[in-house]
file my_file.cif (mmCIF, C-alpha atoms)
data_structure
#
loop_
_atom_site.label_atom_id
_atom_site.label_comp_id
_atom_site.auth_asym_id
_atom_site.auth_seq_id
_atom_site.Cartn_x
_atom_site.Cartn_y
_atom_site.Cartn_z
CA MET M 375 -14.84 19.49 9.42
CA LYS M 376 -15.29 17.04 12.27
CA THR M 377 -14.15 13.55 11.29
CA LEU M 378 -16.43 10.85 12.72
CA LEU M 379 -14.91 7.64 14.06
CA LEU M 380 -17.41 4.90 13.24
CA HIS M 381 -17.38 1.49 14.91
CA PRO M 382 -18.87 -1.24 12.68
CA ASP M 383 -20.28 -3.17 15.64
CA THR M 384 -22.54 -0.18 16.35
CA ASP M 385 -25.98 -0.25 14.79
CA GLY M 386 -26.10 1.91 11.70
CA ALA M 387 -22.34 2.54 11.34
CA ILE M 388 -21.98 0.66 8.05
CA ALA M 389 -25.11 2.30 6.65
CA GLN M 390 -23.87 5.72 7.75
CA ALA M 391 -20.53 5.19 6.01
CA GLY M 392 -22.36 4.10 2.87
CA GLU M 393 -24.61 7.15 2.96
CA LEU M 394 -21.64 9.50 3.30
CA LEU M 395 -19.92 7.87 0.31
CA ALA M 396 -23.09 7.96 -1.79
CA ALA M 397 -23.42 11.67 -0.97
CA GLY M 398 -19.96 12.40 -2.36
CA GLN M 399 -18.01 12.43 0.92
CA VAL M 400 -14.63 10.79 1.66
CA VAL M 401 -14.47 7.97 4.22
CA GLY M 402 -11.52 6.00 5.62
CA ILE M 403 -12.20 2.28 5.16
CA PRO M 404 -10.35 -0.78 6.51
CA THR M 405 -9.17 -3.44 4.08
CA GLU M 406 -7.02 -6.52 4.58
CA THR M 407 -4.02 -4.64 3.13
CA VAL M 408 -4.07 -1.08 4.52
CA TYR M 409 -6.78 1.47 5.25
CA GLY M 410 -8.13 3.18 2.15
CA LEU M 411 -9.37 6.72 1.63
CA GLY M 412 -12.61 6.02 -0.21
CA ALA M 413 -14.91 8.04 -2.46
CA ASN M 414 -17.49 7.26 -5.14
CA ALA M 415 -15.38 6.07 -8.08
CA LEU M 416 -17.97 7.30 -10.60
CA ASP M 417 -18.03 10.86 -9.23
CA GLY M 418 -15.07 12.97 -10.32
CA ALA M 419 -15.81 15.72 -7.81
CA ALA M 420 -15.84 13.22 -4.94
CA VAL M 421 -12.59 11.66 -6.15
CA ARG M 422 -10.89 15.06 -6.32
CA GLN M 423 -11.53 15.39 -2.58
CA ILE M 424 -9.26 12.37 -2.03
CA PHE M 425 -6.39 14.12 -3.82
CA ALA M 426 -7.01 17.29 -1.80
CA ALA M 427 -7.06 15.46 1.56
CA LYS M 428 -3.90 13.49 0.80
CA GLY M 429 -2.00 16.22 -1.05
CA ARG M 430 -1.63 13.59 -3.77
CA PRO M 431 -0.30 14.42 -7.27
CA SER M 432 -3.11 14.25 -9.83
CA ASP M 433 -1.07 12.03 -12.19
CA ASN M 434 -1.05 9.20 -9.64
CA PRO M 435 -4.00 6.88 -10.52
CA LEU M 436 -6.38 5.33 -8.00
CA ILE M 437 -7.65 1.77 -7.52
CA VAL M 438 -11.37 1.05 -7.76
CA HIS M 439 -12.75 -1.35 -5.13
CA ILE M 440 -15.78 -3.55 -5.71
CA ALA M 441 -17.86 -5.79 -3.45
CA ASP M 442 -18.69 -8.57 -5.92
CA PHE M 443 -16.87 -9.95 -8.96
CA GLU M 444 -19.71 -9.18 -11.37
CA GLN M 445 -19.14 -5.43 -10.88
CA ILE M 446 -15.93 -5.69 -12.90
CA TYR M 447 -17.93 -5.90 -16.11
CA ASP M 448 -19.31 -2.39 -15.52
CA LEU M 449 -15.86 -0.87 -15.02
CA THR M 450 -13.73 -2.27 -17.82
CA ALA M 451 -14.04 -2.43 -21.57
CA GLN M 452 -12.60 -5.95 -21.66
CA VAL M 453 -12.38 -8.77 -19.10
CA SER M 454 -9.77 -11.15 -20.47
CA ASP M 455 -9.49 -14.87 -19.76
CA ALA M 456 -6.31 -14.11 -17.80
CA ALA M 457 -8.23 -11.67 -15.59
CA VAL M 458 -10.89 -14.27 -14.87
CA ARG M 459 -8.26 -16.87 -13.97
CA LEU M 460 -6.50 -14.46 -11.62
CA ALA M 461 -9.77 -13.45 -9.99
CA GLN M 462 -10.77 -17.07 -9.49
CA ALA M 463 -7.41 -17.77 -7.84
CA TYR M 464 -6.92 -14.70 -5.64
CA TRP M 465 -10.14 -12.71 -5.27
CA PRO M 466 -11.41 -11.66 -2.83
CA GLY M 467 -7.91 -10.69 -1.76
CA PRO M 468 -4.94 -8.32 -1.91
CA MET M 469 -4.60 -8.09 -5.70
CA THR M 470 -5.40 -5.30 -8.16
CA ILE M 471 -5.85 -6.04 -11.87
CA ILE M 472 -5.28 -3.27 -14.42
CA LEU M 473 -7.54 -3.49 -17.47
CA PRO M 474 -8.83 -1.17 -20.21
CA LYS M 475 -11.30 1.18 -18.53
CA ALA M 476 -14.95 1.67 -19.34
CA SER M 477 -16.31 5.11 -20.19
CA CYS M 478 -17.90 5.46 -16.73
CA ILE M 479 -14.49 5.84 -15.05
CA PRO M 480 -13.61 9.53 -14.64
CA ASP M 481 -10.18 10.74 -15.70
CA ASP M 482 -9.69 11.82 -12.07
CA VAL M 483 -9.54 8.11 -11.12
CA SER M 484 -7.34 6.91 -13.98
CA ALA M 485 -5.06 9.99 -14.13
CA GLY M 486 -6.16 10.39 -17.75
CA LEU M 487 -5.03 6.90 -18.75
CA ASP M 488 -7.15 4.47 -20.75
CA THR M 489 -6.77 1.81 -18.03
CA VAL M 490 -8.14 1.28 -14.53
CA GLY M 491 -7.03 -0.80 -11.56
CA ILE M 492 -9.79 -2.92 -9.98
CA ARG M 493 -9.72 -4.84 -6.70
CA LEU M 494 -12.15 -7.05 -4.80
CA PRO M 495 -10.99 -6.86 -1.16
CA SER M 496 -11.51 -9.73 1.25
CA HIS M 497 -12.15 -7.55 4.32
CA PRO M 498 -15.84 -8.03 5.24
CA ILE M 499 -16.23 -4.46 6.48
CA ALA M 500 -14.82 -3.00 3.28
CA ARG M 501 -17.21 -5.03 1.17
CA ALA M 502 -20.17 -4.20 3.43
CA VAL M 503 -19.44 -0.47 3.15
CA ILE M 504 -19.13 -0.70 -0.66
CA ARG M 505 -22.48 -2.49 -0.83
CA ALA M 506 -24.05 0.09 1.48
CA ALA M 507 -22.77 2.89 -0.74
CA GLY M 508 -24.20 1.23 -3.84
CA VAL M 509 -21.25 2.34 -5.98
CA PRO M 510 -17.68 1.19 -6.59
CA ILE M 511 -15.19 2.99 -4.35
CA ALA M 512 -11.92 4.58 -5.47
CA ALA M 513 -9.45 4.37 -2.62
CA PRO M 514 -5.72 4.96 -2.25
CA SER M 515 -4.05 4.38 1.10
CA ALA M 516 -5.44 6.69 3.80
CA ASN M 517 -2.24 8.59 4.60
CA LEU M 518 -0.88 11.99 3.68
CA SER M 519 0.96 11.70 0.38
CA GLY M 520 4.49 10.40 0.85
CA ARG M 521 3.91 9.24 4.43
CA PRO M 522 3.89 5.63 5.64
CA SER M 523 0.60 3.89 4.87
CA THR M 524 -2.06 3.43 7.53
CA THR M 525 -2.80 0.02 9.05
CA THR M 526 -5.02 1.13 11.96
CA ALA M 527 -7.85 3.64 12.36
CA ALA M 528 -5.60 5.60 14.73
CA HIS M 529 -3.06 6.02 11.92
CA VAL M 530 -5.81 7.37 9.66
CA MET M 531 -7.02 9.83 12.28
CA GLU M 532 -3.44 10.99 12.82
CA ASP M 533 -3.17 12.02 9.15
CA MET M 534 -6.79 12.78 8.20
CA ASP M 535 -8.66 14.11 11.24
CA GLY M 536 -10.52 17.20 10.10
CA LYS M 537 -9.90 16.49 6.41
CA ILE M 538 -12.48 13.75 5.70
CA ALA M 539 -16.02 12.92 6.78
CA ALA M 540 -15.41 9.69 8.71
CA VAL M 541 -13.19 6.70 9.45
CA VAL M 542 -14.56 3.19 9.94
CA ASP M 543 -12.53 1.39 12.62
CA GLY M 544 -11.99 -2.19 11.51
CA GLY M 545 -8.97 -2.96 13.69
CA ALA M 546 -5.46 -3.70 12.48
CA CYS M 547 -4.99 -4.78 8.87
CA ALA M 548 -4.12 -8.45 8.40
CA VAL M 549 -1.72 -8.14 5.45
CA GLY M 550 -0.12 -4.78 6.22
CA VAL M 551 1.16 -3.75 2.77
CA GLU M 552 -0.86 -2.57 -0.21
CA SER M 553 -2.28 -4.88 -2.84
CA THR M 554 -0.25 -6.43 -5.61
CA VAL M 555 -0.86 -4.55 -8.87
CA VAL M 556 -0.61 -6.55 -12.10
CA SER M 557 -1.34 -5.08 -15.51
CA LEU M 558 -3.15 -7.19 -18.07
CA ALA M 559 -3.60 -4.25 -20.45
CA GLY M 560 -0.57 -5.12 -22.58
CA ASN M 561 0.67 -8.15 -24.47
CA VAL M 562 2.51 -9.61 -21.47
CA PRO M 563 1.35 -9.54 -17.81
CA ARG M 564 3.40 -6.99 -15.87
CA LEU M 565 3.89 -6.63 -12.12
CA LEU M 566 3.70 -2.92 -11.32
CA ARG M 567 3.63 -3.13 -7.52
CA PRO M 568 4.40 -6.12 -5.28
CA GLY M 569 1.99 -6.78 -2.43
CA GLY M 570 -0.01 -9.43 -0.61
CA ILE M 571 -0.08 -11.78 -3.62
CA SER M 572 3.49 -12.73 -4.51
CA LEU M 573 5.16 -12.72 -7.92
CA GLU M 574 5.42 -16.50 -7.60
CA GLN M 575 1.65 -16.77 -7.08
CA LEU M 576 0.99 -14.63 -10.16
CA GLU M 577 3.33 -16.78 -12.23
CA ALA M 578 1.53 -19.92 -11.09
CA VAL M 579 -1.59 -18.64 -12.91
CA LEU M 580 -0.18 -16.50 -15.72
CA GLY M 581 3.18 -18.05 -16.56
CA THR M 582 5.73 -15.36 -17.42
CA VAL M 583 5.19 -12.05 -15.62
CA GLU M 584 7.45 -9.09 -16.34
CA VAL M 585 8.61 -7.04 -13.35
CA ASP M 586 8.50 -3.28 -13.80
CA ARG M 587 11.80 -1.52 -13.13
CA ALA M 588 10.06 0.91 -10.74
CA ILE M 589 9.85 -1.91 -8.18
CA ARG M 590 13.60 -2.02 -7.68
CA GLN M 591 14.80 1.45 -8.68
CA GLN M 592 13.76 5.09 -8.67
CA ILE M 593 12.14 6.36 -11.86
CA GLY M 594 11.95 9.94 -13.04
CA ASP M 595 9.10 12.32 -12.29
CA ASP M 596 8.54 12.73 -16.03
CA VAL M 597 7.51 9.07 -16.46
CA GLN M 598 3.78 8.40 -16.79
CA VAL M 599 2.72 5.51 -14.55
CA SER M 600 -0.35 3.26 -14.58
CA ALA M 601 -0.44 2.20 -10.92
CA PRO M 602 -0.14 3.92 -7.53
CA GLY M 603 3.19 4.07 -5.75
CA MET M 604 5.42 3.71 -8.80
CA LYS M 605 6.95 7.17 -9.14
CA TYR M 606 6.89 9.47 -6.14
CA ARG M 607 8.66 9.10 -2.79
CA HIS M 608 6.37 6.99 -0.64
CA TYR M 609 6.05 5.53 2.84
CA ALA M 610 8.65 7.88 4.34
CA PRO M 611 8.89 8.94 8.00
CA HIS M 612 10.33 12.35 8.86
CA ALA M 613 13.86 11.04 9.49
CA PRO M 614 15.86 9.78 6.48
CA VAL M 615 15.97 5.99 6.06
CA THR M 616 18.80 3.76 4.85
CA ALA M 617 17.82 0.23 3.81
CA VAL M 618 20.48 -2.42 4.41
CA CYS M 619 20.00 -5.44 2.15
CA GLY M 620 21.72 -8.81 1.96
CA ASP M 621 22.72 -11.33 4.61
CA PRO M 622 20.97 -10.37 7.88
CA VAL M 623 24.05 -10.99 10.06
CA ARG M 624 26.28 -8.87 7.85
CA GLY M 625 23.53 -6.27 7.73
CA ALA M 626 23.33 -6.08 11.51
CA ASP M 627 27.10 -5.75 11.68
CA TYR M 628 27.05 -2.93 9.15
CA ILE M 629 24.34 -1.04 11.02
CA SER M 630 26.18 -1.49 14.34
CA ASP M 631 29.33 0.02 12.80
CA HIS M 632 27.52 3.11 11.51
CA LEU M 633 25.21 4.09 14.37
CA THR M 634 25.22 7.46 16.06
CA LYS M 635 23.56 8.37 19.36
CA THR M 636 20.48 9.62 17.52
CA SER M 637 20.09 6.70 15.11
CA GLY M 638 16.93 4.62 15.12
CA VAL M 639 16.88 0.99 14.00
CA ILE M 640 14.33 -1.24 12.28
CA CYS M 641 15.51 -4.81 12.58
CA PHE M 642 14.50 -8.43 12.60
CA ASP M 643 13.53 -9.76 16.03
CA GLU M 644 16.64 -11.86 16.57
CA PHE M 645 18.95 -8.84 16.22
CA ALA M 646 17.19 -6.46 18.62
CA THR M 647 19.67 -7.08 21.45
CA ARG M 648 22.46 -5.80 19.21
CA PHE M 649 21.02 -2.28 19.45
CA GLU M 650 20.05 -1.90 23.10
CA THR M 651 21.27 1.73 23.30
CA GLN M 652 19.12 2.84 20.34
CA ILE M 653 15.40 3.33 19.72
CA VAL M 654 14.50 0.05 18.02
CA HIS M 655 11.38 -1.27 16.33
CA THR M 656 11.33 -4.92 15.35
CA ILE M 657 9.35 -6.30 12.41
CA GLY M 658 9.44 -10.07 12.91
CA ARG M 659 12.06 -12.71 12.36
CA ALA M 660 14.26 -12.62 9.26
CA ASP M 661 12.48 -15.67 7.86
CA ASP M 662 8.93 -14.38 8.48
CA SER M 663 8.07 -11.95 5.69
CA ALA M 664 4.34 -12.04 6.52
CA ALA M 665 5.07 -10.66 10.00
CA GLN M 666 7.38 -8.05 8.47
CA ALA M 667 4.59 -6.89 6.15
CA ARG M 668 2.21 -6.42 9.08
CA ALA M 669 4.77 -4.45 11.08
CA ILE M 670 6.71 -2.31 8.62
CA PHE M 671 4.44 0.74 8.34
CA ASP M 672 3.79 0.87 12.08
CA ALA M 673 7.55 0.79 12.67
CA LEU M 674 8.21 3.60 10.18
CA ARG M 675 5.45 5.75 11.67
CA ALA M 676 6.58 5.18 15.24
CA PHE M 677 9.85 7.06 14.72
CA ASP M 678 7.96 10.28 14.01
CA HIS M 679 7.15 10.42 17.73
CA THR M 680 10.86 10.29 18.67
CA ASP M 681 13.89 12.54 18.22
CA VAL M 682 15.87 10.16 15.98
CA THR M 683 17.72 11.91 13.16
CA GLU M 684 18.24 8.86 10.92
CA ILE M 685 16.83 5.35 10.60
CA TRP M 686 18.74 2.20 9.65
CA ALA M 687 16.52 -0.64 8.45
CA GLN M 688 17.26 -4.30 7.81
CA CYS M 689 15.68 -5.25 4.49
CA PRO M 690 14.27 -8.72 3.68
CA ASP M 691 15.09 -10.66 0.55
CA ASP M 692 12.84 -10.63 -2.51
CA SER M 693 11.14 -14.00 -2.08
CA GLY M 694 7.36 -14.15 -1.59
CA ILE M 695 5.83 -11.14 0.13
CA GLY M 696 9.37 -10.12 1.09
CA LEU M 697 9.54 -8.40 -2.31
CA ALA M 698 6.71 -6.10 -1.21
CA VAL M 699 8.33 -5.32 2.16
CA ALA M 700 11.69 -4.64 0.51
CA ASN M 701 10.00 -2.40 -2.06
CA ARG M 702 8.28 -0.34 0.66
CA LEU M 703 11.49 0.06 2.63
CA LYS M 704 13.52 1.06 -0.41
CA LYS M 705 10.89 3.64 -1.39
CA ALA M 706 10.81 4.96 2.18
CA ALA M 707 14.57 5.33 1.85
CA GLY M 708 14.30 7.08 -1.53
CA PHE M 709 16.29 4.07 -2.81
CA HIS M 710 19.21 4.89 -0.51
CA VAL M 711 20.23 1.24 -0.24
CA ILE M 712 23.36 -0.48 1.12
CA GLU M 713 24.08 -4.00 -0.17
CA VAL M 714 26.14 -6.14 2.24
#

call {"tool": "encode", "arguments": {"input": "my_file.cif", "output": "structure tokens"}}
result
Amino acid sequence: MKTLLLHPDTDGAIAQAGELLAAGQVVGIPTETVYGLGANALDGAAVRQIFAAKGRPSDNPLIVHIADFEQIYDLTAQVSDAAVRLAQAYWPGPMTIILPKASCIPDDVSAGLDTVGIRLPSHPIARAVIRAAGVPIAAPSANLSGRPSTTTAAHVMEDMDGKIAAVVDGGACAVGVESTVVSLAGNVPRLLRPGGISLEQLEAVLGTVEVDRAIRQQIGDDVQVSAPGMKYRHYAPHAPVTAVCGDPVRGADYISDHLTKTSGVICFDEFATRFETQIVHTIGRADDSAAQARAIFDALRAFDHTDVTEIWAQCPDDSGIGLAVANRLKKAAGFHVIEV
């Protein structure tokens, strides 16, 4: 299969992407979070192609993307008042809401669960492609399963060239980590994955929000999950990662004391000069979690083109979107974490 690279400023590119999706093909699509690997969410056979391209376990559910809020009523059996309030506050945007699914959602999308995650992205190209397809689009991140997520079309082509029909090049993603996933299917709102909308922002609308233990610790492979990225090793480069959490100065000291000649380092900008003899990728200042979110997956991927044998990574604190960055780093490290 030859994977087409479509440029949305070219006449017909959006329509072509929509036609491919409507015909049951898989297309890489830019969103404000990361690139998604999209297929018709109402077509189980099309969705199964996503799992095949990614090498993704079939018990890992997908998120359904829509172009307009009204589409939610076709995809869920119940739109609660809480869901409407969240949507009014943060849609279009980097937030997925889990609700009881409607009968039109194939088990391939929901991993056999009775719930479905729905998101209205803010990226204009993503919404234009969904409208052109004429169907909601199921889309996990457009990387090989377990690998760092993709935030540029080049990343997608690196992992998916020859495996999918096309990639729409929408430039670099503005947020850089996947959407926040919040479940409203139970009695109490529950944060299942941190992302571009912070826990604090959710609490401002919903009040108390429980935080799932999978965000801060590894859970067993026998646990059934209701959102992507909760169970399996994710976001990992080829070299093993150690996340160093706590005070940034103490963290830099700890990393300095444990480096070998073949160690790579992910660090905050202000500490880069501490590691001049190493391969270093910076992710923004320690107090700029938004910059860290935009840079973290690119930094993790970059080491795969080097000969480093281990990666030490400074980890942000859990405030704001820092919780999402810390979660991605800890998962990349398989929860091999040093507290300083």

call {"tool": "closest_atom_pairs", "arguments": {"input": "my_file.cif", "of": "range 453-566 of chain M", "to": "range 571-587 of chain M", "cutoff": "12 Å", "atoms": "only C-alpha atoms", "output": "tab-separated table"}}
result
residue	atom	partner	partner_atom	distance
M:Ser454	CA	M:Leu580	CA	12.0
M:Asp455	CA	M:Leu580	CA	10.3
M:Ala456	CA	M:Leu580	CA	6.9
M:Ala457	CA	M:Leu580	CA	9.4
M:Val458	CA	M:Val579	CA	10.5
M:Arg459	CA	M:Val579	CA	7.0
M:Leu460	CA	M:Val579	CA	6.6
M:Ala461	CA	M:Val579	CA	10.1
M:Gln462	CA	M:Val579	CA	9.9
M:Ala463	CA	M:Val579	CA	7.8
M:Tyr464	CA	M:Ile571	CA	7.7
M:Trp465	CA	M:Ile571	CA	10.2
M:Pro466	CA	M:Ile571	CA	11.4
M:Gly467	CA	M:Ile571	CA	8.1
M:Pro468	CA	M:Ile571	CA	6.2
M:Met469	CA	M:Ile571	CA	6.2
M:Thr470	CA	M:Ile571	CA	9.5
M:Ile471	CA	M:Leu576	CA	11.1
M:Val549	CA	M:Ile571	CA	9.9
M:Val551	CA	M:Ile571	CA	10.3
M:Glu552	CA	M:Ile571	CA	9.9
M:Ser553	CA	M:Ile571	CA	7.3
M:Thr554	CA	M:Ile571	CA	5.7
M:Val555	CA	M:Ile571	CA	9.0
M:Val556	CA	M:Leu576	CA	8.5
M:Ser557	CA	M:Val583	CA	9.6
M:Leu558	CA	M:Val583	CA	10.0
M:Gly560	CA	M:Glu584	CA	10.9
M:Asn561	CA	M:Glu584	CA	10.6
M:Val562	CA	M:Val583	CA	6.9
M:Pro563	CA	M:Val583	CA	5.1
M:Arg564	CA	M:Glu584	CA	4.6
M:Leu565	CA	M:Val585	CA	4.9
M:Leu566	CA	M:Asp586	CA	5.4

call {"tool": "atom_distance", "arguments": {"input": "my_file.cif", "atom1": "CA of Asp433 in chain M", "atom2": "CA of Leu411 in chain M"}}
result
17.0 Å

call {"tool": "resolve_selection", "arguments": {"input": "my_file.cif", "expression": "the PyMOL selection byres ((chain M and resi 670-679) around 10)", "output": "PDB file with C-alpha atoms, keeping the file's coordinate frame"}}
result
ATOM      1  CA  VAL M 408      -4.070  -1.080   4.520  1.00  0.00           C
ATOM      2  CA  ARG M 521       3.910   9.240   4.430  1.00  0.00           C
ATOM      3  CA  PRO M 522       3.890   5.630   5.640  1.00  0.00           C
ATOM      4  CA  SER M 523       0.600   3.890   4.870  1.00  0.00           C
ATOM      5  CA  THR M 524      -2.060   3.430   7.530  1.00  0.00           C
ATOM      6  CA  THR M 525      -2.800   0.020   9.050  1.00  0.00           C
ATOM      7  CA  THR M 526      -5.020   1.130  11.960  1.00  0.00           C
ATOM      8  CA  HIS M 529      -3.060   6.020  11.920  1.00  0.00           C
ATOM      9  CA  GLY M 550      -0.120  -4.780   6.220  1.00  0.00           C
ATOM     10  CA  VAL M 551       1.160  -3.750   2.770  1.00  0.00           C
ATOM     11  CA  TYR M 609       6.050   5.530   2.840  1.00  0.00           C
ATOM     12  CA  ALA M 610       8.650   7.880   4.340  1.00  0.00           C
ATOM     13  CA  PRO M 611       8.890   8.940   8.000  1.00  0.00           C
ATOM     14  CA  HIS M 612      10.330  12.350   8.860  1.00  0.00           C
ATOM     15  CA  ALA M 613      13.860  11.040   9.490  1.00  0.00           C
ATOM     16  CA  VAL M 615      15.970   5.990   6.060  1.00  0.00           C
ATOM     17  CA  GLY M 638      16.930   4.620  15.120  1.00  0.00           C
ATOM     18  CA  VAL M 639      16.880   0.990  14.000  1.00  0.00           C
ATOM     19  CA  ILE M 640      14.330  -1.240  12.280  1.00  0.00           C
ATOM     20  CA  CYS M 641      15.510  -4.810  12.580  1.00  0.00           C
ATOM     21  CA  ILE M 653      15.400   3.330  19.720  1.00  0.00           C
ATOM     22  CA  VAL M 654      14.500   0.050  18.020  1.00  0.00           C
ATOM     23  CA  HIS M 655      11.380  -1.270  16.330  1.00  0.00           C
ATOM     24  CA  THR M 656      11.330  -4.920  15.350  1.00  0.00           C
ATOM     25  CA  ILE M 657       9.350  -6.300  12.410  1.00  0.00           C
ATOM     26  CA  GLY M 658       9.440 -10.070  12.910  1.00  0.00           C
ATOM     27  CA  ALA M 665       5.070 -10.660  10.000  1.00  0.00           C
ATOM     28  CA  GLN M 666       7.380  -8.050   8.470  1.00  0.00           C
ATOM     29  CA  ALA M 667       4.590  -6.890   6.150  1.00  0.00           C
ATOM     30  CA  ARG M 668       2.210  -6.420   9.080  1.00  0.00           C
ATOM     31  CA  ALA M 669       4.770  -4.450  11.080  1.00  0.00           C
ATOM     32  CA  THR M 680      10.860  10.290  18.670  1.00  0.00           C
ATOM     33  CA  ASP M 681      13.890  12.540  18.220  1.00  0.00           C
ATOM     34  CA  VAL M 682      15.870  10.160  15.980  1.00  0.00           C
ATOM     35  CA  THR M 683      17.720  11.910  13.160  1.00  0.00           C
ATOM     36  CA  GLU M 684      18.240   8.860  10.920  1.00  0.00           C
ATOM     37  CA  ILE M 685      16.830   5.350  10.600  1.00  0.00           C
ATOM     38  CA  ALA M 687      16.520  -0.640   8.450  1.00  0.00           C
ATOM     39  CA  VAL M 699       8.330  -5.320   2.160  1.00  0.00           C
ATOM     40  CA  ALA M 700      11.690  -4.640   0.510  1.00  0.00           C
ATOM     41  CA  ARG M 702       8.280  -0.340   0.660  1.00  0.00           C
ATOM     42  CA  LEU M 703      11.490   0.060   2.630  1.00  0.00           C
ATOM     43  CA  ALA M 706      10.810   4.960   2.180  1.00  0.00           C
TER      44      ALA M 706
END

call {"tool": "atom_distance", "arguments": {"input": "my_file.cif", "atom1": "CA of Ala413 in chain M", "atom2": "CA of Ile695 in chain M"}}
result
28.4 Å

call {"tool": "atom_distance", "arguments": {"input": "my_file.cif", "atom1": "CA of Phe642 in chain M", "atom2": "CA of Asp627 in chain M"}}
result
12.9 Å
